[in-house]
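Colleague: Could you have a look at this structure, given as structure tokens, before my questions?
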Amino acid sequence: MLSHKPPAVSSITLALSKGRIFEETLPLLAAAGIVPADDPERSRKLILDTNRPGVRLVIVRAADTPTYVQYGAADLGIAGKDVLCEHGGAGLYQPLDLNIACCRLCVAVKKGFDYAAAARPGGRIRVATKYIGAAKAHFAGKGMHVDLIKLYGSMELAPLVGLAEAIVDVVSSGATLRANGLEEAEEIMSISSRLIVNQAALKLKRELIQPLLDAFAGALAGERGPCSPPAGHPA
Ligand code: ADP
Ligand code: MG
């Protein structure tokens, strides 16, 4: 008699974005014994093999990582808290804060703009951002009226050309704000990148996924503390 077993689950797929998340994930992958076969900055391939036959990487846009994992197209992924807040986290298990790609989500305005006057309850402000969800929640929490303008990048330009009075964007050193005559007015949240896992995959592929989680957790315990605020920024 044939027994009815679930299909073989012998491989796992990890979704990563190019740039800082890929770079800062390499040491964690190495701790798990995983070395990518290609460098995504050099290769145009979107699916990268690794030294481990059962482990592959897919290269996606940072904001798309939770979507690939939510639908199970990738079993795991690494995404910033900013991106996870906008996505909402449905279907995702978030077992580890990896303390990489550290920055903070901020309100920024043109130097000299009286943010304190606008930021009182009942105040009104026009804000350009790609973080519509986080911005809406933040200003609602302050009792402010906000006209949100969705942008996909280069938010710093908006206050300079009169598109908005303020922006909500991620900031690390603040150099881009300064270079464009803007200043940080308020911090909304501190950001780091987290490991995300498809909830169904975790159940079906636990033997493959758990050792990876353990290796990542071990590497974190040994190597780095939580994100520290950049120099000059009050804790
Ligand atoms: P994208 O520009 O497509 O958002 P990035 O690779 O620049 O992709 O950002 C990926 C993630 O890294 C963001 O979601 C955020 O969590 C974090 N991040 C963004 N900018 C910075 C920065 N300047 N310093 C540190 N981390 C950042
Ligand atoms: Mg970027």
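Naming works like this for the structure tokens: A, B, ... for the chains as they're shown, residue 1 at the start of each chain, ligands 1 onward in shown order.
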Produce as a PyMOL selection string the set of residues near ligand 1, where near means within 8 Å with only C-alpha atoms and all ligand atoms considered.

Modeller: chain A and resi 17-21+61-63+79-83+100-104+153+170-173+191-193

Colleague: Residues at most 9 Å from Ala200 in chain A, counting only C-alpha atoms, excluding those fewer than 3 positions away in the same chain, as a VMD selection string?

Modeller: chain A and resid 72 75 91 197 203 to 205

Colleague: Mind dumping the selected residues with all heavy atoms as a tab-separated table (two decimals), in the first residue's frame?

Modeller:
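File produced: again31.tsv:
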```tsv
chain	number	residue	atom	x	y	z
A	72	GLY	N	4.52	32.78	-0.21
A	72	GLY	CA	5.26	31.52	-0.24
A	72	GLY	C	6.15	31.34	-1.46
A	72	GLY	O	6.69	30.26	-1.68
A	75	ASP	N	10.51	31.27	1.00
A	75	ASP	CA	10.19	30.75	2.33
A	75	ASP	C	10.55	31.74	3.42
A	75	ASP	O	9.87	31.84	4.44
A	75	ASP	CB	10.95	29.44	2.59
A	75	ASP	CG	10.60	28.38	1.55
A	75	ASP	OD1	9.41	28.03	1.46
A	75	ASP	OD2	11.52	27.95	0.82
A	91	GLY	N	0.54	36.86	7.32
A	91	GLY	CA	1.12	35.58	6.89
A	91	GLY	C	2.59	35.43	7.21
A	91	GLY	O	3.22	34.46	6.81
A	197	VAL	N	9.53	34.89	7.90
A	197	VAL	CA	9.35	33.50	7.46
A	197	VAL	C	7.89	33.29	7.11
A	197	VAL	O	7.00	33.74	7.85
A	197	VAL	CB	9.77	32.51	8.57
A	197	VAL	CG1	9.74	31.08	8.05
A	197	VAL	CG2	11.16	32.84	9.12
A	203	LYS	N	6.09	25.46	9.07
A	203	LYS	CA	5.54	24.18	9.52
A	203	LYS	C	5.99	23.04	8.62
A	203	LYS	O	6.41	21.99	9.08
A	203	LYS	CB	4.00	24.24	9.53
A	203	LYS	CG	3.47	25.21	10.58
A	203	LYS	CD	2.00	24.95	10.87
A	203	LYS	CE	1.45	26.06	11.76
A	203	LYS	NZ	0.69	27.07	10.99
A	204	LEU	N	5.93	23.25	7.28
A	204	LEU	CA	6.21	22.17	6.33
A	204	LEU	C	7.71	21.88	6.19
A	204	LEU	O	8.09	20.77	5.83
A	204	LEU	CB	5.65	22.53	4.94
A	204	LEU	CG	4.13	22.52	4.83
A	204	LEU	CD1	3.69	23.14	3.52
A	204	LEU	CD2	3.61	21.08	4.95
A	205	LYS	N	8.54	22.89	6.41
A	205	LYS	CA	9.98	22.74	6.15
A	205	LYS	C	10.79	23.01	7.40
A	205	LYS	O	11.91	23.53	7.30
A	205	LYS	CB	10.42	23.71	5.04
A	205	LYS	CG	9.67	23.56	3.73
A	205	LYS	CD	10.30	24.44	2.67
A	205	LYS	CE	9.56	24.37	1.36
A	205	LYS	NZ	10.20	25.21	0.34
```

Colleague: Could you tell me how far CA of Thr13 in chain A sits from CA of Leu28 in chain A, in Å to one decimal place?

Modeller: 15.5 Å

Colleague: Counting only C-alpha atoms, which of A:Ile167, A:Cys85, A:Leu157, A:Ala32 gets nearest to Ala179 in chain A?

Modeller: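 Residue with the minimum atom-to-atom distance to Ala179 in chain A: A:Leu157.
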
Colleague: Can you tell me which residues surround Pro40 in chain A at a distance of at most 12 Å, considering only C-alpha atoms, apart from same-chain residues fewer than 6 positions away, and format the answer as a list in words?

Modeller: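 Residues meeting the cut-off are Leu16, Ser17, Lys18, Gly19, Arg20, Ile21, Phe22, Glu23, Leu26, Leu46, Ile47, Leu48, Asp49, Leu57, Val58, Ile59 and Val60 of chain A.
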
Colleague: List every residue of range 14-216 of chain A that DSSP, applied to the backbone of this structure, places in helix (DSSP H, G or I), and write the result as a PyMOL selection string.

Modeller: chain A and resi 20-31+62-70+81-87+115-118+132-141+157-160+175-179+199-204+206-216

Colleague: Using only C-alpha atoms and all ligand atoms, which residue out of A:Met155, A:Ala219, A:Leu202, A:Ile125 lies closest to ligand 2?

Modeller: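 Result for the nearest residue to ligand 2: A:Met155.
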
Colleague: Counting only C-alpha atoms, figure out which residue out of A:Ser11, A:Phe139, A:Asp214, A:Glu165 gets nearest to Gly54 in chain A.

Modeller: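 Closest candidate: A:Ser11.
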
Colleague: Which residue out of A:Ser228, A:Gln210, A:Asn198, A:Thr176 has the minimum interatomic distance to ligand 2 when only C-alpha atoms and all ligand atoms are used?

Modeller: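 Distance minimum relative to ligand 2 lands on A:Thr176.
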
Colleague: What parts of range 25-96 of chain A does DSSP call strand (DSSP E or B)? I'd like the answer as a PyMOL selection string.

Modeller: chain A and resi 36+47-50+55-59+76-80+92-96

Colleague: What is the CA of Asp169 in chain A-CA of Leu92 in chain A distance in Å, reported with one decimal?

Modeller: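 Separating CA of Asp169 in chain A from CA of Leu92 in chain A is a distance of 24.0 Å.
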
Colleague: Given the choices A:Ser154, A:Leu177, A:Ser190, A:Ile132, which gets closest to ligand 2 if the distance is worked out from only C-alpha atoms and all ligand atoms?

Modeller: A:Ser154

Colleague: Please, what distance in Å, to one decimal, runs between CA of Phe113 in chain A and CA of Ala128 in chain A?

Modeller: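 Separation between CA of Phe113 in chain A and CA of Ala128 in chain A: 15.2 Å.
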